[in-house]
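This is model-v1.pdb. It holds PDB, C-alpha atoms, pLDDT in the B column.
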ATOM      1  CA  MET A 213       0.000   0.000   0.000  1.00 48.00           C
ATOM      2  CA  THR A 214       1.318   3.362  -0.903  1.00 46.00           C
ATOM      3  CA  SER A 215       0.906   6.169   1.467  1.00 46.00           C
ATOM      4  CA  SER A 216       0.858   9.788   0.465  1.00 45.00           C
ATOM      5  CA  PRO A 217       3.866  11.784   1.565  1.00 45.00           C
ATOM      6  CA  ASN A 218       3.466  13.633   4.824  1.00 46.00           C
ATOM      7  CA  PRO A 219       5.134  17.050   4.687  1.00 43.00           C
ATOM      8  CA  HIS A 220       5.616  17.028   8.481  1.00 42.00           C
ATOM      9  CA  ASP A 221       7.377  13.646   8.618  1.00 44.00           C
ATOM     10  CA  PRO A 222      11.150  14.217   8.849  1.00 43.00           C
ATOM     11  CA  GLN A 223      11.706  10.818   7.217  1.00 47.00           C
ATOM     12  CA  GLN A 224       9.961  11.907   4.025  1.00 44.00           C
ATOM     13  CA  PRO A 225      12.071  13.711   1.406  1.00 45.00           C
ATOM     14  CA  SER A 226      11.142  17.330   1.200  1.00 44.00           C
ATOM     15  CA  ASP A 227       9.332  18.484  -1.897  1.00 44.00           C
ATOM     16  CA  PRO A 228      11.280  21.250  -3.671  1.00 44.00           C
ATOM     17  CA  SER A 229       8.166  22.606  -5.358  1.00 42.00           C
ATOM     18  CA  PRO A 230       6.631  25.743  -3.853  1.00 41.00           C
ATOM     19  CA  GLU A 231       3.554  25.579  -1.746  1.00 42.00           C
ATOM     20  CA  VAL A 232       0.319  25.521  -3.699  1.00 39.00           C
ATOM     21  CA  VAL A 233      -2.188  28.149  -2.689  1.00 37.00           C
ATOM     22  CA  GLN A 234      -5.736  26.978  -2.416  1.00 40.00           C
ATOM     23  CA  PRO A 235      -7.871  28.152  -5.384  1.00 40.00           C
ATOM     24  CA  SER A 236     -10.361  29.818  -3.054  1.00 39.00           C
ATOM     25  CA  ARG A 237      -7.639  32.173  -1.871  1.00 42.00           C
ATOM     26  CA  ALA A 238      -5.799  32.910  -5.115  1.00 42.00           C
ATOM     27  CA  LEU A 239      -6.814  34.556  -8.344  1.00 41.00           C
ATOM     28  CA  PRO A 240      -6.087  32.783 -11.596  1.00 46.00           C
ATOM     29  CA  ARG A 241      -2.975  34.168 -13.251  1.00 46.00           C
ATOM     30  CA  ARG A 242      -5.080  35.774 -16.015  1.00 46.00           C
ATOM     31  CA  ALA A 243      -7.321  37.562 -13.476  1.00 41.00           C
ATOM     32  CA  HIS A 244      -4.257  38.691 -11.531  1.00 39.00           C
ATOM     33  CA  ARG A 245      -2.820  40.380 -14.650  1.00 42.00           C
ATOM     34  CA  GLY A 246      -6.191  41.990 -15.351  1.00 42.00           C
ATOM     35  CA  LEU A 247      -6.331  43.298 -11.792  1.00 37.00           C
ATOM     36  CA  ILE A 248      -2.871  44.820 -12.114  1.00 40.00           C
ATOM     37  CA  ALA A 249      -3.770  46.390 -15.469  1.00 38.00           C
ATOM     38  CA  SER A 250      -7.006  47.795 -14.016  1.00 36.00           C
ATOM     39  CA  ALA A 251      -5.157  49.244 -11.030  1.00 36.00           C
ATOM     40  CA  ALA A 252      -2.624  50.857 -13.379  1.00 36.00           C
ATOM     41  CA  LEU A 253      -5.412  52.386 -15.491  1.00 33.00           C
ATOM     42  CA  ILE A 254      -7.241  53.680 -12.445  1.00 37.00           C
ATOM     43  CA  GLY A 255      -4.020  55.072 -10.995  1.00 36.00           C
ATOM     44  CA  GLY A 256      -3.202  56.722 -14.321  1.00 35.00           C
ATOM     45  CA  GLY A 257      -6.725  58.170 -14.487  1.00 33.00           C
ATOM     46  CA  VAL A 258      -6.390  59.596 -10.992  1.00 32.00           C
ATOM     47  CA  LEU A 259      -3.015  61.084 -11.888  1.00 33.00           C
ATOM     48  CA  LEU A 260      -4.444  62.539 -15.097  1.00 34.00           C
ATOM     49  CA  SER A 261      -7.350  64.005 -13.124  1.00 35.00           C
ATOM     50  CA  LEU A 262      -4.950  65.551 -10.643  1.00 37.00           C
ATOM     51  CA  LEU A 263      -2.801  66.993 -13.406  1.00 42.00           C
ATOM     52  CA  SER A 264      -5.759  68.319 -15.376  1.00 43.00           C
ATOM     53  CA  GLY A 265      -7.056  69.813 -12.135  1.00 53.00           C
ATOM     54  CA  CYS A 266      -4.184  72.285 -12.453  1.00 78.00           C
ATOM     55  CA  ALA A 267      -5.474  73.638 -15.773  1.00 91.00           C
ATOM     56  CA  VAL A 268      -7.683  76.723 -15.864  1.00 95.00           C
ATOM     57  CA  THR A 269     -11.130  75.814 -17.209  1.00 95.00           C
ATOM     58  CA  VAL A 270     -11.929  78.060 -20.160  1.00 96.00           C
ATOM     59  CA  PRO A 271     -14.768  77.562 -22.666  1.00 97.00           C
ATOM     60  CA  PRO A 272     -13.594  77.877 -26.292  1.00 97.00           C
ATOM     61  CA  GLY A 273     -14.932  80.462 -28.696  1.00 97.00           C
ATOM     62  CA  PRO A 274     -17.084  79.276 -31.632  1.00 98.00           C
ATOM     63  CA  ASP A 275     -14.253  79.985 -34.132  1.00 98.00           C
ATOM     64  CA  ALA A 276     -11.422  78.610 -31.946  1.00 98.00           C
ATOM     65  CA  ALA A 277     -10.127  76.416 -34.786  1.00 98.00           C
ATOM     66  CA  ASN A 278      -9.385  79.462 -36.962  1.00 98.00           C
ATOM     67  CA  PRO A 279      -5.693  79.285 -38.044  1.00 97.00           C
ATOM     68  CA  ALA A 280      -5.219  82.966 -37.147  1.00 97.00           C
ATOM     69  CA  CYS A 281      -5.889  82.012 -33.515  1.00 98.00           C
ATOM     70  CA  ALA A 282      -3.070  79.460 -33.545  1.00 97.00           C
ATOM     71  CA  ASP A 283      -0.671  82.176 -34.739  1.00 95.00           C
ATOM     72  CA  VAL A 284      -1.602  84.365 -31.777  1.00 97.00           C
ATOM     73  CA  ILE A 285      -1.859  81.688 -29.058  1.00 98.00           C
ATOM     74  CA  THR A 286       1.520  80.084 -29.780  1.00 97.00           C
ATOM     75  CA  LYS A 287       3.353  83.409 -29.346  1.00 97.00           C
ATOM     76  CA  LEU A 288       1.668  84.727 -26.190  1.00 98.00           C
ATOM     77  CA  PRO A 289       3.961  85.842 -23.346  1.00 98.00           C
ATOM     78  CA  ASP A 290       4.778  83.667 -20.339  1.00 98.00           C
ATOM     79  CA  GLU A 291       3.719  86.465 -18.004  1.00 98.00           C
ATOM     80  CA  VAL A 292       0.973  89.110 -18.061  1.00 98.00           C
ATOM     81  CA  ILE A 293       0.574  91.761 -15.334  1.00 97.00           C
ATOM     82  CA  GLY A 294       2.987  89.839 -13.120  1.00 96.00           C
ATOM     83  CA  GLN A 295       1.122  86.525 -13.374  1.00 97.00           C
ATOM     84  CA  LYS A 296       2.577  83.339 -14.867  1.00 98.00           C
ATOM     85  CA  ARG A 297       0.921  81.549 -17.771  1.00 98.00           C
ATOM     86  CA  GLN A 298      -1.101  78.437 -16.885  1.00 97.00           C
ATOM     87  CA  GLU A 299      -2.431  75.477 -18.861  1.00 97.00           C
ATOM     88  CA  THR A 300      -6.036  75.784 -20.085  1.00 97.00           C
ATOM     89  CA  THR A 301      -8.687  73.229 -20.973  1.00 96.00           C
ATOM     90  CA  SER A 302      -9.642  74.499 -24.452  1.00 97.00           C
ATOM     91  CA  GLN A 303      -8.177  75.241 -27.851  1.00 97.00           C
ATOM     92  CA  SER A 304      -7.188  78.844 -28.637  1.00 98.00           C
ATOM     93  CA  THR A 305      -7.251  79.947 -25.011  1.00 98.00           C
ATOM     94  CA  ALA A 306      -4.645  81.163 -22.535  1.00 98.00           C
ATOM     95  CA  ALA A 307      -4.627  82.086 -18.864  1.00 98.00           C
ATOM     96  CA  TRP A 308      -2.256  83.836 -16.523  1.00 98.00           C
ATOM     97  CA  GLY A 309      -2.637  83.336 -12.782  1.00 97.00           C
ATOM     98  CA  THR A 310      -5.145  81.153 -10.976  1.00 93.00           C
ATOM     99  CA  GLY A 311      -8.418  81.346  -9.113  1.00 93.00           C
ATOM    100  CA  LYS A 312     -10.280  84.640  -8.946  1.00 93.00           C
ATOM    101  CA  LYS A 313      -7.250  86.572 -10.187  1.00 95.00           C
ATOM    102  CA  ALA A 314      -6.806  84.624 -13.444  1.00 97.00           C
ATOM    103  CA  VAL A 315      -6.583  86.712 -16.594  1.00 98.00           C
ATOM    104  CA  VAL A 316      -8.062  84.728 -19.497  1.00 98.00           C
ATOM    105  CA  LEU A 317      -7.719  85.204 -23.259  1.00 98.00           C
ATOM    106  CA  ARG A 318      -9.922  83.438 -25.832  1.00 98.00           C
ATOM    107  CA  CYS A 319      -9.433  83.648 -29.571  1.00 98.00           C
ATOM    108  CA  GLY A 320     -12.260  82.857 -31.963  1.00 98.00           C
ATOM    109  CA  VAL A 321     -15.076  84.559 -30.059  1.00 98.00           C
ATOM    110  CA  THR A 322     -17.998  86.146 -31.902  1.00 97.00           C
ATOM    111  CA  PRO A 323     -16.970  89.562 -33.265  1.00 97.00           C
ATOM    112  CA  PRO A 324     -19.006  92.356 -31.672  1.00 96.00           C
ATOM    113  CA  PRO A 325     -21.234  94.448 -33.956  1.00 95.00           C
ATOM    114  CA  PRO A 326     -21.123  98.253 -33.881  1.00 93.00           C
ATOM    115  CA  THR A 327     -22.160  99.315 -30.404  1.00 92.00           C
ATOM    116  CA  THR A 328     -22.561 102.290 -28.117  1.00 92.00           C
ATOM    117  CA  GLU A 329     -20.582 100.495 -25.383  1.00 93.00           C
ATOM    118  CA  LEU A 330     -17.202 101.875 -24.391  1.00 95.00           C
ATOM    119  CA  CYS A 331     -14.635 101.321 -27.133  1.00 95.00           C
ATOM    120  CA  THR A 332     -11.039 102.036 -26.251  1.00 95.00           C
ATOM    121  CA  THR A 333      -7.719 101.816 -28.045  1.00 96.00           C
ATOM    122  CA  THR A 334      -4.622 100.294 -26.465  1.00 96.00           C
ATOM    123  CA  GLN A 335      -1.406 101.373 -28.077  1.00 95.00           C
ATOM    124  CA  ALA A 336       2.032  99.874 -27.569  1.00 93.00           C
ATOM    125  CA  PRO A 337       5.118 102.127 -27.412  1.00 92.00           C
ATOM    126  CA  ASN A 338       5.982 101.080 -30.995  1.00 93.00           C
ATOM    127  CA  GLY A 339       2.673 102.563 -32.216  1.00 93.00           C
ATOM    128  CA  THR A 340       0.829  99.258 -32.654  1.00 94.00           C
ATOM    129  CA  ALA A 341      -2.803  99.794 -31.638  1.00 96.00           C
ATOM    130  CA  VAL A 342      -5.862  97.599 -31.097  1.00 97.00           C
ATOM    131  CA  ASP A 343      -9.467  98.693 -30.490  1.00 98.00           C
ATOM    132  CA  TRP A 344     -11.390  96.893 -27.749  1.00 98.00           C
ATOM    133  CA  ILE A 345     -15.040  96.977 -26.644  1.00 97.00           C
ATOM    134  CA  VAL A 346     -14.942  97.104 -22.835  1.00 97.00           C
ATOM    135  CA  HIS A 347     -17.658  95.642 -20.641  1.00 96.00           C
ATOM    136  CA  GLN A 348     -17.440  95.752 -16.853  1.00 96.00           C
ATOM    137  CA  ASP A 349     -19.447  93.353 -14.694  1.00 96.00           C
ATOM    138  CA  ASP A 350     -20.032  95.335 -11.504  1.00 95.00           C
ATOM    139  CA  GLU A 351     -21.090  92.207  -9.590  1.00 96.00           C
ATOM    140  CA  THR A 352     -17.918  90.205 -10.238  1.00 95.00           C
ATOM    141  CA  GLY A 353     -15.507  93.082 -10.810  1.00 96.00           C
ATOM    142  CA  ILE A 354     -14.380  91.509 -14.096  1.00 97.00           C
ATOM    143  CA  LEU A 355     -13.659  93.606 -17.172  1.00 98.00           C
ATOM    144  CA  THR A 356     -14.017  91.943 -20.568  1.00 98.00           C
ATOM    145  CA  TYR A 357     -12.044  93.429 -23.439  1.00 98.00           C
ATOM    146  CA  THR A 358     -13.198  92.210 -26.885  1.00 98.00           C
ATOM    147  CA  THR A 359     -11.359  93.196 -30.046  1.00 98.00           C
ATOM    148  CA  TYR A 360     -13.402  95.387 -32.355  1.00 98.00           C
ATOM    149  CA  GLY A 361     -13.202  95.176 -36.166  1.00 97.00           C
ATOM    150  CA  ARG A 362     -11.105  91.983 -36.265  1.00 98.00           C
ATOM    151  CA  GLU A 363     -12.052  88.448 -37.306  1.00 97.00           C
ATOM    152  CA  PRO A 364     -11.527  86.178 -35.528  1.00 98.00           C
ATOM    153  CA  ALA A 365     -12.222  88.282 -32.479  1.00 98.00           C
ATOM    154  CA  ILE A 366     -10.338  87.904 -29.211  1.00 98.00           C
ATOM    155  CA  ASP A 367     -11.614  88.572 -25.737  1.00 98.00           C
ATOM    156  CA  MET A 368      -9.658  88.984 -22.558  1.00 98.00           C
ATOM    157  CA  THR A 369     -11.177  88.928 -19.081  1.00 98.00           C
ATOM    158  CA  VAL A 370      -9.332  90.834 -16.401  1.00 98.00           C
ATOM    159  CA  PRO A 371     -10.488  90.683 -12.768  1.00 98.00           C
ATOM    160  CA  ARG A 372     -10.075  94.000 -10.951  1.00 96.00           C
ATOM    161  CA  ALA A 373      -8.463  91.957  -8.152  1.00 95.00           C
ATOM    162  CA  ALA A 374      -5.594  91.093 -10.528  1.00 96.00           C
ATOM    163  CA  ALA A 375      -5.009  94.668 -11.706  1.00 95.00           C
ATOM    164  CA  PRO A 376      -6.916  97.119  -9.500  1.00 94.00           C
ATOM    165  CA  ASP A 377      -5.134 100.237 -10.782  1.00 94.00           C
ATOM    166  CA  GLN A 378      -4.750  99.488 -14.474  1.00 95.00           C
ATOM    167  CA  PRO A 379      -6.676  96.498 -15.864  1.00 96.00           C
ATOM    168  CA  SER A 380      -5.942  97.691 -19.427  1.00 96.00           C
ATOM    169  CA  ALA A 381      -2.313  96.621 -18.867  1.00 97.00           C
ATOM    170  CA  ALA A 382      -3.391  93.035 -19.620  1.00 98.00           C
ATOM    171  CA  PRO A 383      -4.698  93.676 -23.164  1.00 98.00           C
ATOM    172  CA  LEU A 384      -1.807  96.080 -23.716  1.00 97.00           C
ATOM    173  CA  ALA A 385       0.591  93.168 -23.091  1.00 97.00           C
ATOM    174  CA  VAL A 386      -0.793  91.298 -26.137  1.00 97.00           C
ATOM    175  CA  VAL A 387      -1.410  94.203 -28.549  1.00 97.00           C
ATOM    176  CA  GLY A 388       1.460  93.255 -30.878  1.00 95.00           C
ATOM    177  CA  LEU A 389       0.161  89.706 -31.295  1.00 96.00           C
ATOM    178  CA  VAL A 390      -3.510  90.648 -31.593  1.00 97.00           C
ATOM    179  CA  ASN A 391      -2.536  93.173 -34.265  1.00 96.00           C
ATOM    180  CA  GLN A 392      -1.525  90.226 -36.512  1.00 95.00           C
ATOM    181  CA  ILE A 393      -5.255  89.808 -37.185  1.00 97.00           C
ATOM    182  CA  PRO A 394      -6.071  92.631 -39.635  1.00 97.00           C
ATOM    183  CA  ALA A 395      -8.544  95.333 -38.589  1.00 97.00           C
ATOM    184  CA  THR A 396     -11.435  96.113 -40.913  1.00 96.00           C
ATOM    185  CA  ARG A 397     -13.240  98.584 -38.613  1.00 95.00           C
ATOM    186  CA  PHE A 398     -12.160 100.932 -35.842  1.00 95.00           C
ATOM    187  CA  CYS A 399     -13.601 102.631 -32.776  1.00 93.00           C
ATOM    188  CA  VAL A 400     -15.185 105.976 -33.579  1.00 87.00           C
ATOM    189  CA  GLY A 401     -16.254 108.881 -31.408  1.00 72.00           C
ATOM    190  CA  GLN A 402     -19.838 110.078 -31.009  1.00 57.00           C
ATOM    191  CA  GLY A 403     -21.252 111.385 -34.248  1.00 50.00           C
ATOM    192  CA  GLU A 404     -18.531 109.711 -36.335  1.00 54.00           C
ATOM    193  CA  THR A 405     -19.143 106.772 -38.639  1.00 48.00           C
ATOM    194  CA  ASN A 406     -16.876 103.922 -39.640  1.00 57.00           C
TER     195      ASN A 406
END

Could you rewrite the structure in this file as structure tokens?
Amino acid sequence: MTSSPNPHDPQQPSDPSPEVVQPSRALPRRAHRGLIASAALIGGGVLLSLLSGCAVTVPPGPDAANPACADVITKLPDEVIGQKRQETTSQSTAAWGTGKKAVVLRCGVTPPPPTTELCTTTQAPNGTAVDWIVHQDDETGILTYTTYGREPAIDMTVPRAAAPDQPSAAPLAVVGLVNQIPATRFCVGQGETN
């Protein structure tokens, strides 16, 4: 009669094979690989979420895919009114600073029609000038500058908290680049036509 080897009997030769784990406690090798792959995907997704959480959320303009926008966006400065440029979530957008002090630029917004709203001209020291329609939201303290007479149009939101004394310094910082988009109309004074 043959007896089965007893692993606790010192007289029995020891088995060099590793201990077998009971199936109820172990996952099949295929499931184990799937579990590792799933954990890696979830971990990568969490990391991606954390990294994208650093980007400033900006809705794109309706004409954001316009090639003229790419020419402007790729050359924007790393700093505007003392704030560093941040990643954004949409095409043809840029942001400087974070939170309630973020200055945001969007290219490809709807061009404004002639209006009686405030229209101002920012002019760089080299003489380059851009006309902007200015709208101030008294509730939020945010000024929106939208280029006038240029297609695609660009808007730039500037919180008063970011530039309390001179919010127009933000659009002034990008005048040279915005001027690459040709102007077809200009701001006019009362009683003038364009």

Open item on the list: Under the PyMOL selection byres ((chain A and resi 271) around 8), which residues of this model are included? Write them out as an MDAnalysis selection string.
Closed with: chainID A and resid 269:270 272:273 301:302

Open item on the list: For the provided coordinates, the residues matched by the PyMOL selection byres ((chain A and resi 284-288) around 8) should be stated as a list in words.
Closed with: Ala280, Cys281, Ala282, Asp283, Pro289, Asp290, Ser304, Thr305, Ala306, Cys319, Val386, Leu389, Val390 and Gln392 of chain A

- [ ] Select, counting only C-alpha atoms, all protein, DNA and RNA residues no farther than 12 Å from (-3.6, 92.4, -42.5) in file coordinates, and express the selection as a count of residues only.
- [x] 11

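Compared by their closest atoms to Val387 of chain A, and using all atoms listed in the file, the residues A:Val292, A:Cys331, A:Ala314, A:Ala374 rank with A:Val292 nearest.
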
Open item on the list: Calculated over all atoms listed in the file, which of the candidates A:Ala382, A:Val316, A:Thr356, A:Ala341 has the smallest distance to Gly294 of chain A?
Closed with: A:Ala382

- [ ] Just the residues within 12 Å of Arg397 of chain A, please, counting all atoms listed in the file, with nothing from its chain fewer than 6 positions along; format it as a PyMOL selection string.
- [x] chain A and resi 323-326+331+342-344+359-363+405-406

Box along x, y and z, 4 Å on every side, all listed atoms of segment 387-399 of chain A inside: centre and edge lengths in Å to one decimal, as AutoDock Vina command-line options.
--center_x -6.1 --center_y 96.2 --center_z -34.7 --size_x 23.1 --size_y 20.9 --size_z 20.4

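Compared by their closest atoms to Trp308 of chain A, and using only C-alpha atoms, the residues A:Thr322, A:Thr340, A:Asn278, A:Thr369 rank with A:Thr369 nearest.
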
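Here atom CA of Leu355 of chain A and atom CA of Pro371 of chain A stand 6.2 Å from one another.
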
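One distance worth recording is that between atom CA of Thr327 of chain A and atom CA of Pro383 of chain A, which is 19.7 Å.
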
Task: Proximity to Thr333 of chain A - best of A:Val346, A:Gly309, A:Gln295, A:Arg372, all atoms listed in the file - done: A:Val346

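Between atom CA of Ile345 of chain A and atom CA of Ala307 of chain A the separation is 19.8 Å.
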
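Across the chains present, the PyMOL selection byres ((chain A and resi 366) around 7) applied to this file returns Arg318, Cys319, Gly320, Val321, Thr358, Thr359, Pro364, Ala365, Asp367 and Met368 of chain A.
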
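Distance check against Gln378 of chain A using all atoms listed in the file: of A:Gly339, A:Ile293, A:Val400, A:Glu351, the minimum falls on A:Ile293.
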